[in-house]
Amino acid sequence: MSVQSILALKGSAVTTGDPSMTMADVTRCLAEQRIGAIVMTDPSGGVVGIISERDVVRAVAGGGTDVLSQPASRFMTASVVTCSPGQSLHELMDMMTRGRFRHVPVVHHGKLVGIVSIGDVIKHRIAEIEREAEEIRNYIATA
Ligand code: AMP
C-alpha cells in the first residue's frame, strides 16, 4: 500500500499554521481539531516546521504557562521529515520508528498534499494484514 492510496481514503486535508501563532493558539487548535500536530507553513505554502502535542508538553514543563504567549516558532521542529505520495506504508513505518515521531506530512512537487499519522498507518496495516489472511484462507479452501 502506498501513501497515495492512504490519502485517497482519508483525504488531503491538513491543519496548517503560521509559526508566529502563539502556543495558546496551538493548544486551542490541537484541542478543537482533535489532532496531534500542526504543520507550519510559510506564505507560499511551503513546510517550515511541525509542532505536536509533545512539543507543547515539553514547552510548558520547561517554562510554565508563560510559554503560552510565546510564538510556536520557538518550540516547533524546523527540520521536518516529509514523504512523497509514491512511498510505501513500510517506508513510512520505518521513518516513524527511526525518527520517533507520529506524523509525516506528504509533499508532492514542493506542495503539501496531505499528512499521515501513526493512527492512519496502524489502521491501514491492520486492513492489509486482514486482506492477506483472507487471501490465504481462500487459497487453502480452494487448493
Ligand atoms: P509526534 O510523535 O508526532 O507527536 O512528535 C514528536 C516530536 O517529533 C515533536 O518534537 C515533533 O515536533 C517532532 N516531529 C513530529 N513529526 C515530525 C516530522 N515529520 N519530522 C520531524 N519531526 C517531527
# chains A, B, ... in the order shown; residues from 1 in each chain; ligands from 1
$ residues_near_ligand --ligand "ligand 1" --cutoff "6 Å" --atoms "only C-alpha atoms and all ligand atoms" --output "list in words"
Ile50, Ile51, Ser52, Glu53, Arg54, Asp55, Met76, Thr77, Ser79, Val80, Val81, Thr82, Phe101, Arg102, His103 and Val104 of chain A
$ residues_around --residues "stretch 83-97 of chain A" --least-positions-apart "6" --cutoff "9 Å" --atoms "only C-alpha atoms" --output "PyMOL selection string"
chain A and resi 1-7+103-109+113-114+116+118+121+124-125
$ write_last_selection --atoms "N, CA and C atoms" --output "PDB file, in the first residue's frame"
ATOM      1  N   MET A   1       0.847  -1.210   0.000  1.00  0.00           N
ATOM      2  CA  MET A   1       0.000   0.000   0.000  1.00  0.00           C
ATOM      3  C   MET A   1       0.881   1.258   0.000  1.00  0.00           C
ATOM      4  N   SER A   2       0.461   2.246  -0.788  1.00  0.00           N
ATOM      5  CA  SER A   2       1.250   3.473  -0.894  1.00  0.00           C
ATOM      6  C   SER A   2       0.615   4.606  -0.083  1.00  0.00           C
ATOM      7  N   VAL A   3       1.388   5.649   0.123  1.00  0.00           N
ATOM      8  CA  VAL A   3       0.903   6.847   0.813  1.00  0.00           C
ATOM      9  C   VAL A   3      -0.294   7.424   0.035  1.00  0.00           C
ATOM     10  N   GLN A   4      -0.170   7.370  -1.298  1.00  0.00           N
ATOM     11  CA  GLN A   4      -1.232   7.892  -2.169  1.00  0.00           C
ATOM     12  C   GLN A   4      -2.574   7.189  -1.897  1.00  0.00           C
ATOM     13  N   SER A   5      -2.532   5.863  -1.727  1.00  0.00           N
ATOM     14  CA  SER A   5      -3.784   5.136  -1.504  1.00  0.00           C
ATOM     15  C   SER A   5      -4.353   5.431  -0.112  1.00  0.00           C
ATOM     16  N   ILE A   6      -3.489   5.751   0.845  1.00  0.00           N
ATOM     17  CA  ILE A   6      -3.988   6.144   2.174  1.00  0.00           C
ATOM     18  C   ILE A   6      -4.711   7.493   2.051  1.00  0.00           C
ATOM     19  N   LEU A   7      -4.065   8.423   1.310  1.00  0.00           N
ATOM     20  CA  LEU A   7      -4.668   9.762   1.146  1.00  0.00           C
ATOM     21  C   LEU A   7      -5.978   9.686   0.363  1.00  0.00           C
ATOM     22  N   HIS A 103       3.851  11.721  13.011  1.00  0.00           N
ATOM     23  CA  HIS A 103       3.188  12.447  11.920  1.00  0.00           C
ATOM     24  C   HIS A 103       4.169  12.675  10.776  1.00  0.00           C
ATOM     25  N   VAL A 104       3.710  12.413   9.553  1.00  0.00           N
ATOM     26  CA  VAL A 104       4.569  12.688   8.395  1.00  0.00           C
ATOM     27  C   VAL A 104       3.761  13.456   7.335  1.00  0.00           C
ATOM     28  N   PRO A 105       4.113  14.727   7.107  1.00  0.00           N
ATOM     29  CA  PRO A 105       3.445  15.492   6.046  1.00  0.00           C
ATOM     30  C   PRO A 105       3.834  14.914   4.676  1.00  0.00           C
ATOM     31  N   VAL A 106       2.877  14.948   3.755  1.00  0.00           N
ATOM     32  CA  VAL A 106       3.118  14.427   2.402  1.00  0.00           C
ATOM     33  C   VAL A 106       3.304  15.617   1.463  1.00  0.00           C
ATOM     34  N   VAL A 107       4.436  15.625   0.762  1.00  0.00           N
ATOM     35  CA  VAL A 107       4.757  16.745  -0.138  1.00  0.00           C
ATOM     36  C   VAL A 107       4.946  16.215  -1.547  1.00  0.00           C
ATOM     37  N   HIS A 108       4.288  16.883  -2.498  1.00  0.00           N
ATOM     38  CA  HIS A 108       4.417  16.493  -3.908  1.00  0.00           C
ATOM     39  C   HIS A 108       4.755  17.733  -4.725  1.00  0.00           C
ATOM     40  N   HIS A 109       5.881  17.687  -5.436  1.00  0.00           N
ATOM     41  CA  HIS A 109       6.365  18.844  -6.209  1.00  0.00           C
ATOM     42  C   HIS A 109       6.389  20.105  -5.346  1.00  0.00           C
ATOM     43  N   VAL A 113       0.391  18.051   0.317  1.00  0.00           N
ATOM     44  CA  VAL A 113      -0.819  17.413  -0.247  1.00  0.00           C
ATOM     45  C   VAL A 113      -1.515  16.470   0.750  1.00  0.00           C
ATOM     46  N   GLY A 114      -0.998  16.392   1.976  1.00  0.00           N
ATOM     47  CA  GLY A 114      -1.648  15.534   2.957  1.00  0.00           C
ATOM     48  C   GLY A 114      -0.757  15.301   4.153  1.00  0.00           C
ATOM     49  N   VAL A 116       0.066  11.941   7.093  1.00  0.00           N
ATOM     50  CA  VAL A 116      -0.251  10.584   7.563  1.00  0.00           C
ATOM     51  C   VAL A 116       0.194  10.492   9.013  1.00  0.00           C
ATOM     52  N   ILE A 118       0.394   8.131  12.762  1.00  0.00           N
ATOM     53  CA  ILE A 118       0.625   6.725  13.125  1.00  0.00           C
ATOM     54  C   ILE A 118      -0.718   5.990  13.217  1.00  0.00           C
ATOM     55  N   VAL A 121      -1.495   4.828   9.796  1.00  0.00           N
ATOM     56  CA  VAL A 121      -0.597   3.719   9.435  1.00  0.00           C
ATOM     57  C   VAL A 121      -1.112   2.417  10.052  1.00  0.00           C
ATOM     58  N   HIS A 124      -4.431   1.172   8.367  1.00  0.00           N
ATOM     59  CA  HIS A 124      -4.255   0.577   7.043  1.00  0.00           C
ATOM     60  C   HIS A 124      -3.426  -0.696   7.081  1.00  0.00           C
ATOM     61  N   ARG A 125      -2.494  -0.779   8.021  1.00  0.00           N
ATOM     62  CA  ARG A 125      -1.674  -2.001   8.152  1.00  0.00           C
ATOM     63  C   ARG A 125      -2.552  -3.155   8.630  1.00  0.00           C
TER      64      ARG A 125
END
$ select_by_dssp --residues "chain A" --states "helix (DSSP H, G or I)" --output "number ranges by chain"
A: 3-10, 23-33, 53-69, 72-74, 89-99, 118-142
$ select_by_dssp --residues "chain A" --states "strand (DSSP E)" --output "count of residues only"
26
$ closest_atom_pairs --of "stretch 25-51 of chain A" --to "stretch 59-69 of chain A" --cutoff "10 Å" --atoms "only C-alpha atoms" --output "Markdown table"
| residue | atom | partner | partner_atom | distance |
| --- | --- | --- | --- | --- |
| A:Asp25 | CA | A:Leu68 | CA | 8.1 |
| A:Val26 | CA | A:Leu68 | CA | 8.7 |
| A:Thr27 | CA | A:Leu68 | CA | 8.5 |
$ decode --residues "stretch 101-131 of chain A" --atoms "N, CA, C and O atoms" --output "mmCIF file, in the first residue's frame"
data_model
loop_
_atom_site.group_PDB
_atom_site.id
_atom_site.type_symbol
_atom_site.label_atom_id
_atom_site.label_comp_id
_atom_site.auth_asym_id
_atom_site.auth_seq_id
_atom_site.Cartn_x
_atom_site.Cartn_y
_atom_site.Cartn_z
ATOM 1 N N PHE A 101 8.687 9.860 15.702
ATOM 2 C CA PHE A 101 7.568 10.807 15.609
ATOM 3 C C PHE A 101 6.384 10.090 14.997
ATOM 4 O O PHE A 101 6.522 9.004 14.430
ATOM 5 N N ARG A 102 5.208 10.711 15.132
ATOM 6 C CA ARG A 102 3.967 10.023 14.751
ATOM 7 C C ARG A 102 3.207 10.707 13.621
ATOM 8 O O ARG A 102 2.055 10.346 13.345
ATOM 9 N N HIS A 103 3.851 11.721 13.011
ATOM 10 C CA HIS A 103 3.188 12.447 11.920
ATOM 11 C C HIS A 103 4.169 12.675 10.776
ATOM 12 O O HIS A 103 5.296 13.103 11.027
ATOM 13 N N VAL A 104 3.710 12.413 9.553
ATOM 14 C CA VAL A 104 4.569 12.688 8.395
ATOM 15 C C VAL A 104 3.761 13.456 7.335
ATOM 16 O O VAL A 104 2.817 12.915 6.745
ATOM 17 N N PRO A 105 4.113 14.727 7.107
ATOM 18 C CA PRO A 105 3.445 15.492 6.046
ATOM 19 C C PRO A 105 3.834 14.914 4.676
ATOM 20 O O PRO A 105 4.950 14.450 4.483
ATOM 21 N N VAL A 106 2.877 14.948 3.755
ATOM 22 C CA VAL A 106 3.118 14.427 2.402
ATOM 23 C C VAL A 106 3.304 15.617 1.463
ATOM 24 O O VAL A 106 2.439 16.516 1.403
ATOM 25 N N VAL A 107 4.436 15.625 0.762
ATOM 26 C CA VAL A 107 4.757 16.745 -0.138
ATOM 27 C C VAL A 107 4.946 16.215 -1.547
ATOM 28 O O VAL A 107 5.617 15.199 -1.755
ATOM 29 N N HIS A 108 4.288 16.883 -2.498
ATOM 30 C CA HIS A 108 4.417 16.493 -3.908
ATOM 31 C C HIS A 108 4.755 17.733 -4.725
ATOM 32 O O HIS A 108 4.015 18.713 -4.673
ATOM 33 N N HIS A 109 5.881 17.687 -5.436
ATOM 34 C CA HIS A 109 6.365 18.844 -6.209
ATOM 35 C C HIS A 109 6.389 20.105 -5.346
ATOM 36 O O HIS A 109 5.912 21.175 -5.773
ATOM 37 N N GLY A 110 6.896 19.966 -4.123
ATOM 38 C CA GLY A 110 7.040 21.123 -3.228
ATOM 39 C C GLY A 110 5.751 21.595 -2.582
ATOM 40 O O GLY A 110 5.746 22.581 -1.844
ATOM 41 N N LYS A 111 4.636 20.888 -2.850
ATOM 42 C CA LYS A 111 3.339 21.325 -2.305
ATOM 43 C C LYS A 111 2.840 20.314 -1.270
ATOM 44 O O LYS A 111 2.927 19.106 -1.485
ATOM 45 N N LEU A 112 2.305 20.850 -0.151
ATOM 46 C CA LEU A 112 1.755 19.997 0.897
ATOM 47 C C LEU A 112 0.447 19.387 0.406
ATOM 48 O O LEU A 112 -0.505 20.113 0.095
ATOM 49 N N VAL A 113 0.391 18.051 0.317
ATOM 50 C CA VAL A 113 -0.819 17.413 -0.247
ATOM 51 C C VAL A 113 -1.515 16.470 0.750
ATOM 52 O O VAL A 113 -2.508 15.830 0.396
ATOM 53 N N GLY A 114 -0.998 16.392 1.976
ATOM 54 C CA GLY A 114 -1.648 15.534 2.957
ATOM 55 C C GLY A 114 -0.757 15.301 4.153
ATOM 56 O O GLY A 114 0.363 15.813 4.230
ATOM 57 N N ILE A 115 -1.279 14.527 5.102
ATOM 58 C CA ILE A 115 -0.479 14.145 6.279
ATOM 59 C C ILE A 115 -0.905 12.734 6.683
ATOM 60 O O ILE A 115 -2.086 12.384 6.571
ATOM 61 N N VAL A 116 0.066 11.941 7.093
ATOM 62 C CA VAL A 116 -0.251 10.584 7.563
ATOM 63 C C VAL A 116 0.194 10.492 9.013
ATOM 64 O O VAL A 116 1.335 10.839 9.341
ATOM 65 N N SER A 117 -0.714 10.049 9.872
ATOM 66 C CA SER A 117 -0.374 9.892 11.293
ATOM 67 C C SER A 117 -0.155 8.414 11.590
ATOM 68 O O SER A 117 -0.509 7.539 10.778
ATOM 69 N N ILE A 118 0.394 8.131 12.762
ATOM 70 C CA ILE A 118 0.625 6.725 13.125
ATOM 71 C C ILE A 118 -0.718 5.990 13.217
ATOM 72 O O ILE A 118 -0.788 4.795 12.924
ATOM 73 N N GLY A 119 -1.775 6.718 13.563
ATOM 74 C CA GLY A 119 -3.116 6.110 13.606
ATOM 75 C C GLY A 119 -3.541 5.627 12.224
ATOM 76 O O GLY A 119 -4.085 4.529 12.075
ATOM 77 N N ASP A 120 -3.268 6.444 11.193
ATOM 78 C CA ASP A 120 -3.591 6.047 9.810
ATOM 79 C C ASP A 120 -2.777 4.821 9.422
ATOM 80 O O ASP A 120 -3.288 3.894 8.790
ATOM 81 N N VAL A 121 -1.495 4.828 9.796
ATOM 82 C CA VAL A 121 -0.597 3.719 9.435
ATOM 83 C C VAL A 121 -1.112 2.417 10.052
ATOM 84 O O VAL A 121 -1.240 1.395 9.368
ATOM 85 N N ILE A 122 -1.458 2.461 11.333
ATOM 86 C CA ILE A 122 -1.929 1.252 12.027
ATOM 87 C C ILE A 122 -3.242 0.758 11.408
ATOM 88 O O ILE A 122 -3.407 -0.427 11.124
ATOM 89 N N LYS A 123 -4.149 1.693 11.160
ATOM 90 C CA LYS A 123 -5.457 1.336 10.579
ATOM 91 C C LYS A 123 -5.278 0.600 9.242
ATOM 92 O O LYS A 123 -5.871 -0.453 9.011
ATOM 93 N N HIS A 124 -4.431 1.172 8.367
ATOM 94 C CA HIS A 124 -4.255 0.577 7.043
ATOM 95 C C HIS A 124 -3.426 -0.696 7.081
ATOM 96 O O HIS A 124 -3.634 -1.605 6.283
ATOM 97 N N ARG A 125 -2.494 -0.779 8.021
ATOM 98 C CA ARG A 125 -1.674 -2.001 8.152
ATOM 99 C C ARG A 125 -2.552 -3.155 8.630
ATOM 100 O O ARG A 125 -2.443 -4.271 8.145
ATOM 101 N N ILE A 126 -3.458 -2.879 9.579
ATOM 102 C CA ILE A 126 -4.366 -3.933 10.060
ATOM 103 C C ILE A 126 -5.261 -4.412 8.913
ATOM 104 O O ILE A 126 -5.442 -5.614 8.707
ATOM 105 N N ALA A 127 -5.794 -3.459 8.113
ATOM 106 C CA ALA A 127 -6.654 -3.824 6.971
ATOM 107 C C ALA A 127 -5.868 -4.681 5.976
ATOM 108 O O ALA A 127 -6.395 -5.661 5.432
ATOM 109 N N GLU A 128 -4.586 -4.311 5.777
ATOM 110 C CA GLU A 128 -3.733 -5.040 4.839
ATOM 111 C C GLU A 128 -3.510 -6.482 5.344
ATOM 112 O O GLU A 128 -3.624 -7.438 4.575
ATOM 113 N N ILE A 129 -3.233 -6.616 6.634
ATOM 114 C CA ILE A 129 -2.996 -7.942 7.226
ATOM 115 C C ILE A 129 -4.267 -8.796 7.142
ATOM 116 O O ILE A 129 -4.212 -9.982 6.806
ATOM 117 N N GLU A 130 -5.428 -8.170 7.388
ATOM 118 C CA GLU A 130 -6.697 -8.914 7.313
ATOM 119 C C GLU A 130 -6.964 -9.393 5.889
ATOM 120 O O GLU A 130 -7.429 -10.512 5.679
ATOM 121 N N ARG A 131 -6.638 -8.539 4.897
ATOM 122 C CA ARG A 131 -6.825 -8.935 3.479
ATOM 123 C C ARG A 131 -5.923 -10.114 3.136
ATOM 124 O O ARG A 131 -6.359 -11.067 2.497
#
